[in-house]
Amino acid sequence: MAGSQDVFDAIVMADERFHGEGYQEGYEEGSSLGIIEGRRYGTLHGAKIGSEIGCYQGFAFAWRCLLHSCATEKDSKKMKALESLIGMIQKFPYDDPTYDKLHEDLDRIRGKFKQLCSLLNVQPDFKISAEGSGLSF
Amino acid sequence: MKDSLVLLARVPAHPDSRCWFLAWNPAGTLLASCGGDRRVRIWGTEGDSWICKSVLSEGHQRTVRKVAWSPCGNYLASASFDATTCIWKKNQDDFECVTTLEGHENEVKSVAWAPSGNLLATCSRDKSVWVWEVDEEDEYECVSVLNSHTQDVKHVVWHPSQELLASASYDDTVKLYREEEDDWVCYATLEGHESTVWSLAFDPSGQRLASCSDDRTVRIWRQYLPNNEQGVACSGSDPSWKCICTLSGFHSRTIYDVAWCQLTGALATACGDDAIRVFEEDPSSDPQQPTFSLTAHLPQAHSQDVNCVAWNPKEQGLLASCSDDGEVAFWKYQRPEGI
């Protein structure tokens, strides 16, 4: 009796069984595709942030050299903002994408950079390009 | 209730354009208006009528959205959609543009002077709030760029006595800033409004802040310091802000401006339903849970959206308003009997 019941089970449950197997296959494929896409997005996004901060850092180092022989009080205010920006950039945790204050710190760096540009009276012109080297002729 | 607000005069301040904002000078003798015609006009009385004493043109390339007088009354700042803020110096009836503050990426929405006269704040659609310092030689320097809001910042206002700044945004929040170790930081975020917060006003004592919103309510907020008597929880040494009163059901459209009279404590609102309303605090209400009553409601105060209401700082009951219809109106408010 038990044997014939199993046979009927196999037929009756076939639909559900194939459904389940199909779902499982799809889920696994979706997960691995998701990881690939996520990694690609993360790399791009991370590179964008890295590039932006790198620009600010280069900018700050260059100006620090230029203002090295600061004499006036105005220059010392500029130096203070410069050092503050450099400090923020150096403290930024580059290897921890799960850092909870990541966007807050990034916004503070951007704000300090804008303030610095205002003090130095320079208009930042570079475009942060996400497509790569951004060379154009 | 109609008699509590009586029309004194109406002037076509910015013809064929919108009048966006008004500001009385500290002495209460002049009213500055600004509009979509890119001009700022200064109004004064001549006998019983209001006349235009100066026109500040050639300052901006686009709409002037807000104007603000310095505490000494000698300077006027104008914030424009052209992304700049002009500082004008008053020389009797003449105004000369002495500096143009640049830096915002797009439309500047508001400008405000700190009570000390040494600091200025601007805010913009670029989501940032800038704090500027001015020295004895009229030189302006940016001391901080604050990126706390996540959307367009509509308004900035300083506390009447402390160096504390508040901002209102399209992101539905109000944020408060103060200086900590040589840098300005956002130390509190007031959440509660369900839509864009358009304007802010501190009460005369500076203990309470009123905010008005697209959600058609006015909210009153109070600051509680750590270890306060009322038992309001604070985190660490930061004060806590709580919404102690919500005025809802009075306005049928967006509330664009709120003004708290520094002489009487009356609260005026400018609404998208073309009406002006005045509220007064019930004298017997609990200061921690105040109640406000509607003491004046004037429908059709203007023929279009009312954009701004401003109480005269010296003359009790004198209220000015302006609208999308380009007009400025002057009103006499008298608190009705028996309320």
# chains A, B, ... in the order shown; residues from 1 in each chain; ligands from 1

$ closest_atom_pairs --of "chain B" --to "chain A" --cutoff "12 Å" --atoms "only C-alpha atoms" --output "tab-separated table"
residue	atom	partner	partner_atom	distance
B:Leu101	CA	A:Ser118	CA	9.4
B:Glu102	CA	A:Ser118	CA	8.0
B:Gly103	CA	A:Ser118	CA	6.5
B:His104	CA	A:Lys114	CA	9.1
B:Glu105	CA	A:Lys114	CA	10.3
B:Asp126	CA	A:Gly111	CA	11.7
B:Lys127	CA	A:Gly111	CA	11.0
B:Ser128	CA	A:Gly111	CA	8.3
B:Val129	CA	A:Gly111	CA	9.5
B:Trp130	CA	A:Gln115	CA	8.5
B:Val131	CA	A:Gln115	CA	9.5
B:Trp132	CA	A:Gln115	CA	9.8
B:Glu133	CA	A:Leu119	CA	11.4
B:Asp135	CA	A:Lys74	CA	11.4
B:Glu139	CA	A:Lys74	CA	10.9
B:Tyr140	CA	A:Leu119	CA	9.5
B:Glu141	CA	A:Leu119	CA	6.5
B:Cys142	CA	A:Gln115	CA	5.9
B:Val143	CA	A:Gln115	CA	6.7
B:Ser144	CA	A:Gln115	CA	5.9
B:Val145	CA	A:Gly111	CA	4.7
B:Leu146	CA	A:Gly111	CA	5.9
B:Asn147	CA	A:Asp107	CA	5.8
B:Ser148	CA	A:Asp107	CA	7.7
B:His149	CA	A:Asp107	CA	10.2
B:Thr150	CA	A:Asp107	CA	10.5
B:Glu181	CA	A:Ser84	CA	11.8
B:Asp182	CA	A:Lys80	CA	10.1
B:Asp183	CA	A:Lys112	CA	9.8
B:Trp184	CA	A:Arg108	CA	10.4
B:Val185	CA	A:Arg108	CA	9.4
B:Cys186	CA	A:Arg108	CA	10.8

$ residues_around --residues "segment 34-46 of chain B" --least-positions-apart "3" --cutoff "10 Å" --atoms "only C-alpha atoms" --output "JSON, numbers by chain"
{"B": [11, 13, 14, 15, 16, 17, 18, 19, 20, 21, 22, 23, 24, 25, 28, 29, 30, 31, 49, 50, 51, 52, 53, 54, 55, 56, 57, 58, 59, 60, 61, 62, 63, 64, 65, 66, 67, 76, 78, 79, 80, 81, 82, 93, 94, 95, 322, 323, 324, 326]}

$ residues_around --residues "segment 258-271 of chain B" --least-positions-apart "6" --cutoff "9 Å" --atoms "only C-alpha atoms" --output "ChimeraX atom specification"
/B:198-205,210-212,216,218,251-252,277-281,296,305-317,319,321-323,335

$ closest_residue --among "B:Thr99, B:Ser167, B:Ala329, B:Val111" --to "Ile87 of chain B" --atoms "only C-alpha atoms"
B:Thr99

$ residues_around --residues "segment 239-248 of chain B" --least-positions-apart "3" --cutoff "10 Å" --atoms "only C-alpha atoms" --output "count of residues only"
43

$ residues_around --residues "segment 46-61 of chain A" --least-positions-apart "2" --cutoff "9 Å" --atoms "only C-alpha atoms" --output "PDB file with all heavy atoms, in the first residue's frame"
ATOM      1  N   TYR A  41      29.127  47.820  -9.338  1.00  0.00           N
ATOM      2  CA  TYR A  41      28.613  49.102  -8.860  1.00  0.00           C
ATOM      3  C   TYR A  41      29.496  49.672  -7.758  1.00  0.00           C
ATOM      4  O   TYR A  41      29.856  50.834  -7.754  1.00  0.00           O
ATOM      5  CB  TYR A  41      27.166  48.945  -8.356  1.00  0.00           C
ATOM      6  CG  TYR A  41      26.579  50.230  -7.835  1.00  0.00           C
ATOM      7  CD1 TYR A  41      26.046  51.182  -8.701  1.00  0.00           C
ATOM      8  CD2 TYR A  41      26.593  50.515  -6.470  1.00  0.00           C
ATOM      9  CE1 TYR A  41      25.537  52.374  -8.225  1.00  0.00           C
ATOM     10  CE2 TYR A  41      26.082  51.706  -5.994  1.00  0.00           C
ATOM     11  CZ  TYR A  41      25.551  52.633  -6.869  1.00  0.00           C
ATOM     12  OH  TYR A  41      25.052  53.814  -6.385  1.00  0.00           O
ATOM     13  N   GLY A  42      29.864  48.770  -6.825  1.00  0.00           N
ATOM     14  CA  GLY A  42      30.704  49.197  -5.715  1.00  0.00           C
ATOM     15  C   GLY A  42      32.034  49.722  -6.196  1.00  0.00           C
ATOM     16  O   GLY A  42      32.526  50.744  -5.710  1.00  0.00           O
ATOM     17  N   THR A  43      32.621  49.023  -7.165  1.00  0.00           N
ATOM     18  CA  THR A  43      33.924  49.443  -7.678  1.00  0.00           C
ATOM     19  C   THR A  43      33.819  50.827  -8.302  1.00  0.00           C
ATOM     20  O   THR A  43      34.628  51.709  -8.044  1.00  0.00           O
ATOM     21  CB  THR A  43      34.416  48.460  -8.768  1.00  0.00           C
ATOM     22  OG1 THR A  43      34.227  47.138  -8.288  1.00  0.00           O
ATOM     23  CG2 THR A  43      35.870  48.691  -9.092  1.00  0.00           C
ATOM     24  N   LEU A  44      32.760  50.997  -9.109  1.00  0.00           N
ATOM     25  CA  LEU A  44      32.559  52.274  -9.807  1.00  0.00           C
ATOM     26  C   LEU A  44      32.334  53.405  -8.810  1.00  0.00           C
ATOM     27  O   LEU A  44      32.947  54.475  -8.896  1.00  0.00           O
ATOM     28  CB  LEU A  44      31.323  52.142 -10.687  1.00  0.00           C
ATOM     29  CG  LEU A  44      31.379  52.821 -12.050  1.00  0.00           C
ATOM     30  CD1 LEU A  44      32.417  52.134 -12.906  1.00  0.00           C
ATOM     31  CD2 LEU A  44      30.019  52.728 -12.737  1.00  0.00           C
ATOM     32  N   TRP A  63      48.175  73.775  -2.769  1.00  0.00           N
ATOM     33  CA  TRP A  63      47.995  75.090  -2.155  1.00  0.00           C
ATOM     34  C   TRP A  63      48.798  75.248  -0.875  1.00  0.00           C
ATOM     35  O   TRP A  63      49.242  76.348  -0.534  1.00  0.00           O
ATOM     36  CB  TRP A  63      46.504  75.369  -1.910  1.00  0.00           C
ATOM     37  CG  TRP A  63      45.861  75.952  -3.122  1.00  0.00           C
ATOM     38  CD1 TRP A  63      45.131  75.294  -4.058  1.00  0.00           C
ATOM     39  CD2 TRP A  63      45.954  77.310  -3.558  1.00  0.00           C
ATOM     40  NE1 TRP A  63      44.748  76.158  -5.047  1.00  0.00           N
ATOM     41  CE2 TRP A  63      45.240  77.405  -4.763  1.00  0.00           C
ATOM     42  CE3 TRP A  63      46.570  78.469  -3.045  1.00  0.00           C
ATOM     43  CZ2 TRP A  63      45.113  78.603  -5.477  1.00  0.00           C
ATOM     44  CZ3 TRP A  63      46.439  79.658  -3.747  1.00  0.00           C
ATOM     45  CH2 TRP A  63      45.716  79.710  -4.956  1.00  0.00           C
ATOM     46  N   ARG A  64      48.987  74.149  -0.171  1.00  0.00           N
ATOM     47  CA  ARG A  64      49.782  74.238   1.054  1.00  0.00           C
ATOM     48  C   ARG A  64      51.214  74.655   0.708  1.00  0.00           C
ATOM     49  O   ARG A  64      51.835  75.450   1.407  1.00  0.00           O
ATOM     50  CB  ARG A  64      49.764  72.910   1.817  1.00  0.00           C
ATOM     51  CG  ARG A  64      50.365  73.063   3.207  1.00  0.00           C
ATOM     52  CD  ARG A  64      49.999  71.927   4.106  1.00  0.00           C
ATOM     53  NE  ARG A  64      50.535  70.658   3.641  1.00  0.00           N
ATOM     54  CZ  ARG A  64      50.502  69.546   4.387  1.00  0.00           C
ATOM     55  NH1 ARG A  64      49.993  69.573   5.589  1.00  0.00           N
ATOM     56  NH2 ARG A  64      50.976  68.415   3.906  1.00  0.00           N
ATOM     57  N   CYS A  65      51.730  74.114  -0.393  1.00  0.00           N
ATOM     58  CA  CYS A  65      53.067  74.515  -0.836  1.00  0.00           C
ATOM     59  C   CYS A  65      53.087  75.978  -1.245  1.00  0.00           C
ATOM     60  O   CYS A  65      53.998  76.724  -0.885  1.00  0.00           O
ATOM     61  CB  CYS A  65      53.512  73.658  -2.038  1.00  0.00           C
ATOM     62  SG  CYS A  65      53.897  71.989  -1.584  1.00  0.00           S
ATOM     63  N   LEU A  66      52.053  76.374  -1.997  1.00  0.00           N
ATOM     64  CA  LEU A  66      52.007  77.750  -2.488  1.00  0.00           C
ATOM     65  C   LEU A  66      51.918  78.762  -1.353  1.00  0.00           C
ATOM     66  O   LEU A  66      52.467  79.852  -1.433  1.00  0.00           O
ATOM     67  CB  LEU A  66      50.796  77.932  -3.422  1.00  0.00           C
ATOM     68  CG  LEU A  66      50.891  77.259  -4.780  1.00  0.00           C
ATOM     69  CD1 LEU A  66      49.554  77.320  -5.506  1.00  0.00           C
ATOM     70  CD2 LEU A  66      51.968  77.907  -5.621  1.00  0.00           C
ATOM     71  N   LEU A  82      43.014  74.766   5.121  1.00  0.00           N
ATOM     72  CA  LEU A  82      43.762  73.767   4.362  1.00  0.00           C
ATOM     73  C   LEU A  82      44.112  72.575   5.240  1.00  0.00           C
ATOM     74  O   LEU A  82      43.887  71.418   4.887  1.00  0.00           O
ATOM     75  CB  LEU A  82      45.059  74.378   3.837  1.00  0.00           C
ATOM     76  CG  LEU A  82      45.063  74.871   2.399  1.00  0.00           C
ATOM     77  CD1 LEU A  82      46.317  75.680   2.130  1.00  0.00           C
ATOM     78  CD2 LEU A  82      45.008  73.698   1.440  1.00  0.00           C
ATOM     79  N   GLU A  83      44.691  72.892   6.404  1.00  0.00           N
ATOM     80  CA  GLU A  83      45.103  71.829   7.317  1.00  0.00           C
ATOM     81  C   GLU A  83      43.894  71.029   7.780  1.00  0.00           C
ATOM     82  O   GLU A  83      43.963  69.808   7.943  1.00  0.00           O
ATOM     83  CB  GLU A  83      45.838  72.406   8.540  1.00  0.00           C
ATOM     84  CG  GLU A  83      47.161  73.089   8.212  1.00  0.00           C
ATOM     85  CD  GLU A  83      48.202  72.124   7.652  1.00  0.00           C
ATOM     86  OE1 GLU A  83      48.003  70.886   7.715  1.00  0.00           O
ATOM     87  OE2 GLU A  83      49.233  72.618   7.137  1.00  0.00           O
ATOM     88  N   LEU A  85      41.136  70.499   6.098  1.00  0.00           N
ATOM     89  CA  LEU A  85      40.706  69.627   5.003  1.00  0.00           C
ATOM     90  C   LEU A  85      41.627  68.419   4.880  1.00  0.00           C
ATOM     91  O   LEU A  85      41.171  67.275   4.777  1.00  0.00           O
ATOM     92  CB  LEU A  85      40.685  70.404   3.682  1.00  0.00           C
ATOM     93  CG  LEU A  85      40.278  69.598   2.437  1.00  0.00           C
ATOM     94  CD1 LEU A  85      38.856  69.079   2.572  1.00  0.00           C
ATOM     95  CD2 LEU A  85      40.404  70.432   1.169  1.00  0.00           C
ATOM     96  N   ILE A  86      42.931  68.681   4.938  1.00  0.00           N
ATOM     97  CA  ILE A  86      43.907  67.585   4.831  1.00  0.00           C
ATOM     98  C   ILE A  86      43.696  66.591   5.968  1.00  0.00           C
ATOM     99  O   ILE A  86      43.709  65.382   5.769  1.00  0.00           O
ATOM    100  CB  ILE A  86      45.353  68.128   4.809  1.00  0.00           C
ATOM    101  CG1 ILE A  86      45.587  68.888   3.505  1.00  0.00           C
ATOM    102  CG2 ILE A  86      46.363  66.994   4.959  1.00  0.00           C
ATOM    103  CD1 ILE A  86      46.884  69.656   3.439  1.00  0.00           C
ATOM    104  N   ILE A  89      40.648  64.444   5.340  1.00  0.00           N
ATOM    105  CA  ILE A  89      40.887  63.462   4.286  1.00  0.00           C
ATOM    106  C   ILE A  89      41.723  62.316   4.812  1.00  0.00           C
ATOM    107  O   ILE A  89      41.473  61.148   4.513  1.00  0.00           O
ATOM    108  CB  ILE A  89      41.544  64.127   3.056  1.00  0.00           C
ATOM    109  CG1 ILE A  89      40.542  65.080   2.393  1.00  0.00           C
ATOM    110  CG2 ILE A  89      42.025  63.090   2.059  1.00  0.00           C
ATOM    111  CD1 ILE A  89      41.111  65.897   1.261  1.00  0.00           C
ATOM    112  N   GLN A  90      42.712  62.648   5.624  1.00  0.00           N
ATOM    113  CA  GLN A  90      43.586  61.598   6.152  1.00  0.00           C
ATOM    114  C   GLN A  90      42.873  60.702   7.155  1.00  0.00           C
ATOM    115  O   GLN A  90      43.157  59.517   7.251  1.00  0.00           O
ATOM    116  CB  GLN A  90      44.847  62.211   6.771  1.00  0.00           C
ATOM    117  CG  GLN A  90      45.817  62.619   5.677  1.00  0.00           C
ATOM    118  CD  GLN A  90      46.965  63.447   6.177  1.00  0.00           C
ATOM    119  OE1 GLN A  90      46.935  63.972   7.282  1.00  0.00           O
ATOM    120  NE2 GLN A  90      47.989  63.562   5.347  1.00  0.00           N
ATOM    121  N   TYR A  94      39.140  54.693   4.471  1.00  0.00           N
ATOM    122  CA  TYR A  94      39.006  54.226   3.086  1.00  0.00           C
ATOM    123  C   TYR A  94      38.699  52.747   2.968  1.00  0.00           C
ATOM    124  O   TYR A  94      38.212  52.294   1.952  1.00  0.00           O
ATOM    125  CB  TYR A  94      40.281  54.556   2.301  1.00  0.00           C
ATOM    126  CG  TYR A  94      40.517  56.032   2.251  1.00  0.00           C
ATOM    127  CD1 TYR A  94      41.386  56.656   3.132  1.00  0.00           C
ATOM    128  CD2 TYR A  94      39.812  56.828   1.339  1.00  0.00           C
ATOM    129  CE1 TYR A  94      41.550  58.033   3.103  1.00  0.00           C
ATOM    130  CE2 TYR A  94      39.970  58.191   1.316  1.00  0.00           C
ATOM    131  CZ  TYR A  94      40.844  58.795   2.204  1.00  0.00           C
ATOM    132  OH  TYR A  94      41.003  60.137   2.189  1.00  0.00           O
ATOM    133  N   PRO A  97      33.766  50.303   4.072  1.00  0.00           N
ATOM    134  CA  PRO A  97      32.563  50.829   3.424  1.00  0.00           C
ATOM    135  C   PRO A  97      31.317  50.778   4.292  1.00  0.00           C
ATOM    136  O   PRO A  97      30.298  51.358   3.958  1.00  0.00           O
ATOM    137  CB  PRO A  97      32.393  49.922   2.198  1.00  0.00           C
ATOM    138  CG  PRO A  97      33.133  48.681   2.530  1.00  0.00           C
ATOM    139  CD  PRO A  97      34.201  49.035   3.493  1.00  0.00           C
ATOM    140  N   LEU A 106      31.856  62.572   4.346  1.00  0.00           N
ATOM    141  CA  LEU A 106      32.070  62.967   2.958  1.00  0.00           C
ATOM    142  C   LEU A 106      31.491  64.359   2.711  1.00  0.00           C
ATOM    143  O   LEU A 106      32.124  65.215   2.093  1.00  0.00           O
ATOM    144  CB  LEU A 106      31.385  61.951   2.051  1.00  0.00           C
ATOM    145  CG  LEU A 106      31.858  61.803   0.618  1.00  0.00           C
ATOM    146  CD1 LEU A 106      33.365  61.689   0.556  1.00  0.00           C
ATOM    147  CD2 LEU A 106      31.229  60.561   0.010  1.00  0.00           C
ATOM    148  N   ILE A 109      33.729  66.935   4.243  1.00  0.00           N
ATOM    149  CA  ILE A 109      34.910  67.171   3.403  1.00  0.00           C
ATOM    150  C   ILE A 109      34.540  68.080   2.233  1.00  0.00           C
ATOM    151  O   ILE A 109      35.250  69.047   1.925  1.00  0.00           O
ATOM    152  CB  ILE A 109      35.504  65.821   2.886  1.00  0.00           C
ATOM    153  CG1 ILE A 109      36.162  65.078   4.044  1.00  0.00           C
ATOM    154  CG2 ILE A 109      36.502  66.045   1.764  1.00  0.00           C
ATOM    155  CD1 ILE A 109      36.634  63.667   3.693  1.00  0.00           C
ATOM    156  N   ARG A 110      33.396  67.787   1.604  1.00  0.00           N
ATOM    157  CA  ARG A 110      32.951  68.610   0.469  1.00  0.00           C
ATOM    158  C   ARG A 110      32.706  70.047   0.900  1.00  0.00           C
ATOM    159  O   ARG A 110      33.041  70.997   0.188  1.00  0.00           O
ATOM    160  CB  ARG A 110      31.663  68.030  -0.129  1.00  0.00           C
ATOM    161  CG  ARG A 110      31.887  66.767  -0.901  1.00  0.00           C
ATOM    162  CD  ARG A 110      30.581  66.148  -1.358  1.00  0.00           C
ATOM    163  NE  ARG A 110      30.857  64.946  -2.144  1.00  0.00           N
ATOM    164  CZ  ARG A 110      30.128  63.853  -2.101  1.00  0.00           C
ATOM    165  NH1 ARG A 110      29.068  63.790  -1.311  1.00  0.00           N
ATOM    166  NH2 ARG A 110      30.453  62.811  -2.838  1.00  0.00           N
ATOM    167  N   PHE A 113      35.974  71.820   1.492  1.00  0.00           N
ATOM    168  CA  PHE A 113      36.604  72.122   0.204  1.00  0.00           C
ATOM    169  C   PHE A 113      35.986  73.371  -0.419  1.00  0.00           C
ATOM    170  O   PHE A 113      36.685  74.247  -0.942  1.00  0.00           O
ATOM    171  CB  PHE A 113      36.468  70.919  -0.742  1.00  0.00           C
ATOM    172  CG  PHE A 113      36.949  71.199  -2.135  1.00  0.00           C
ATOM    173  CD1 PHE A 113      38.304  71.338  -2.414  1.00  0.00           C
ATOM    174  CD2 PHE A 113      36.035  71.349  -3.175  1.00  0.00           C
ATOM    175  CE1 PHE A 113      38.747  71.623  -3.707  1.00  0.00           C
ATOM    176  CE2 PHE A 113      36.474  71.616  -4.466  1.00  0.00           C
ATOM    177  CZ  PHE A 113      37.828  71.755  -4.729  1.00  0.00           C
ATOM    178  N   LEU A 116      37.128  76.405   1.401  1.00  0.00           N
ATOM    179  CA  LEU A 116      38.508  76.689   1.037  1.00  0.00           C
ATOM    180  C   LEU A 116      38.573  77.398  -0.309  1.00  0.00           C
ATOM    181  O   LEU A 116      39.283  78.403  -0.468  1.00  0.00           O
ATOM    182  CB  LEU A 116      39.288  75.366   0.980  1.00  0.00           C
ATOM    183  CG  LEU A 116      40.792  75.452   0.830  1.00  0.00           C
ATOM    184  CD1 LEU A 116      41.378  76.270   1.950  1.00  0.00           C
ATOM    185  CD2 LEU A 116      41.386  74.056   0.813  1.00  0.00           C
ATOM    186  N   PHE A 126      37.266  71.223 -12.245  1.00  0.00           N
ATOM    187  CA  PHE A 126      37.398  69.834 -12.738  1.00  0.00           C
ATOM    188  C   PHE A 126      36.087  69.086 -12.605  1.00  0.00           C
ATOM    189  O   PHE A 126      35.298  69.306 -11.708  1.00  0.00           O
ATOM    190  CB  PHE A 126      38.501  69.096 -11.988  1.00  0.00           C
ATOM    191  CG  PHE A 126      38.409  69.225 -10.483  1.00  0.00           C
ATOM    192  CD1 PHE A 126      37.546  68.423  -9.767  1.00  0.00           C
ATOM    193  CD2 PHE A 126      39.190  70.135  -9.796  1.00  0.00           C
ATOM    194  CE1 PHE A 126      37.460  68.525  -8.390  1.00  0.00           C
ATOM    195  CE2 PHE A 126      39.108  70.252  -8.413  1.00  0.00           C
ATOM    196  CZ  PHE A 126      38.236  69.436  -7.710  1.00  0.00           C
ATOM    197  N   ILE A 128      34.318  65.456 -12.089  1.00  0.00           N
ATOM    198  CA  ILE A 128      34.655  64.108 -11.634  1.00  0.00           C
ATOM    199  C   ILE A 128      34.018  63.144 -12.619  1.00  0.00           C
ATOM    200  O   ILE A 128      32.807  63.022 -12.683  1.00  0.00           O
ATOM    201  CB  ILE A 128      34.086  63.844 -10.228  1.00  0.00           C
ATOM    202  CG1 ILE A 128      34.358  65.028  -9.320  1.00  0.00           C
ATOM    203  CG2 ILE A 128      34.632  62.557  -9.676  1.00  0.00           C
ATOM    204  CD1 ILE A 128      35.790  65.231  -8.962  1.00  0.00           C
ATOM    205  N   SER A 129      34.843  62.515 -13.451  1.00  0.00           N
ATOM    206  CA  SER A 129      34.254  61.663 -14.469  1.00  0.00           C
ATOM    207  C   SER A 129      34.200  60.216 -14.008  1.00  0.00           C
ATOM    208  O   SER A 129      35.148  59.693 -13.448  1.00  0.00           O
ATOM    209  CB  SER A 129      35.072  61.800 -15.745  1.00  0.00           C
ATOM    210  OG  SER A 129      35.612  60.568 -16.112  1.00  0.00           O
ATOM    211  N   ALA A 130      33.068  59.613 -14.223  1.00  0.00           N
ATOM    212  CA  ALA A 130      32.881  58.227 -13.791  1.00  0.00           C
ATOM    213  C   ALA A 130      33.277  57.249 -14.882  1.00  0.00           C
ATOM    214  O   ALA A 130      33.360  56.050 -14.678  1.00  0.00           O
ATOM    215  CB  ALA A 130      31.432  58.003 -13.397  1.00  0.00           C
TER     216      ALA A 130
END

$ select_by_dssp --residues "segment 16-195 of chain B" --states "strand (DSSP E or B)" --output "PyMOL selection string"
chain B and resi 19-24+31-35+40-46+49-56+64-69+75-80+85-91+94-101+108-113+119-124+129-134+140-146+153-158+164-169+174-180+183-190
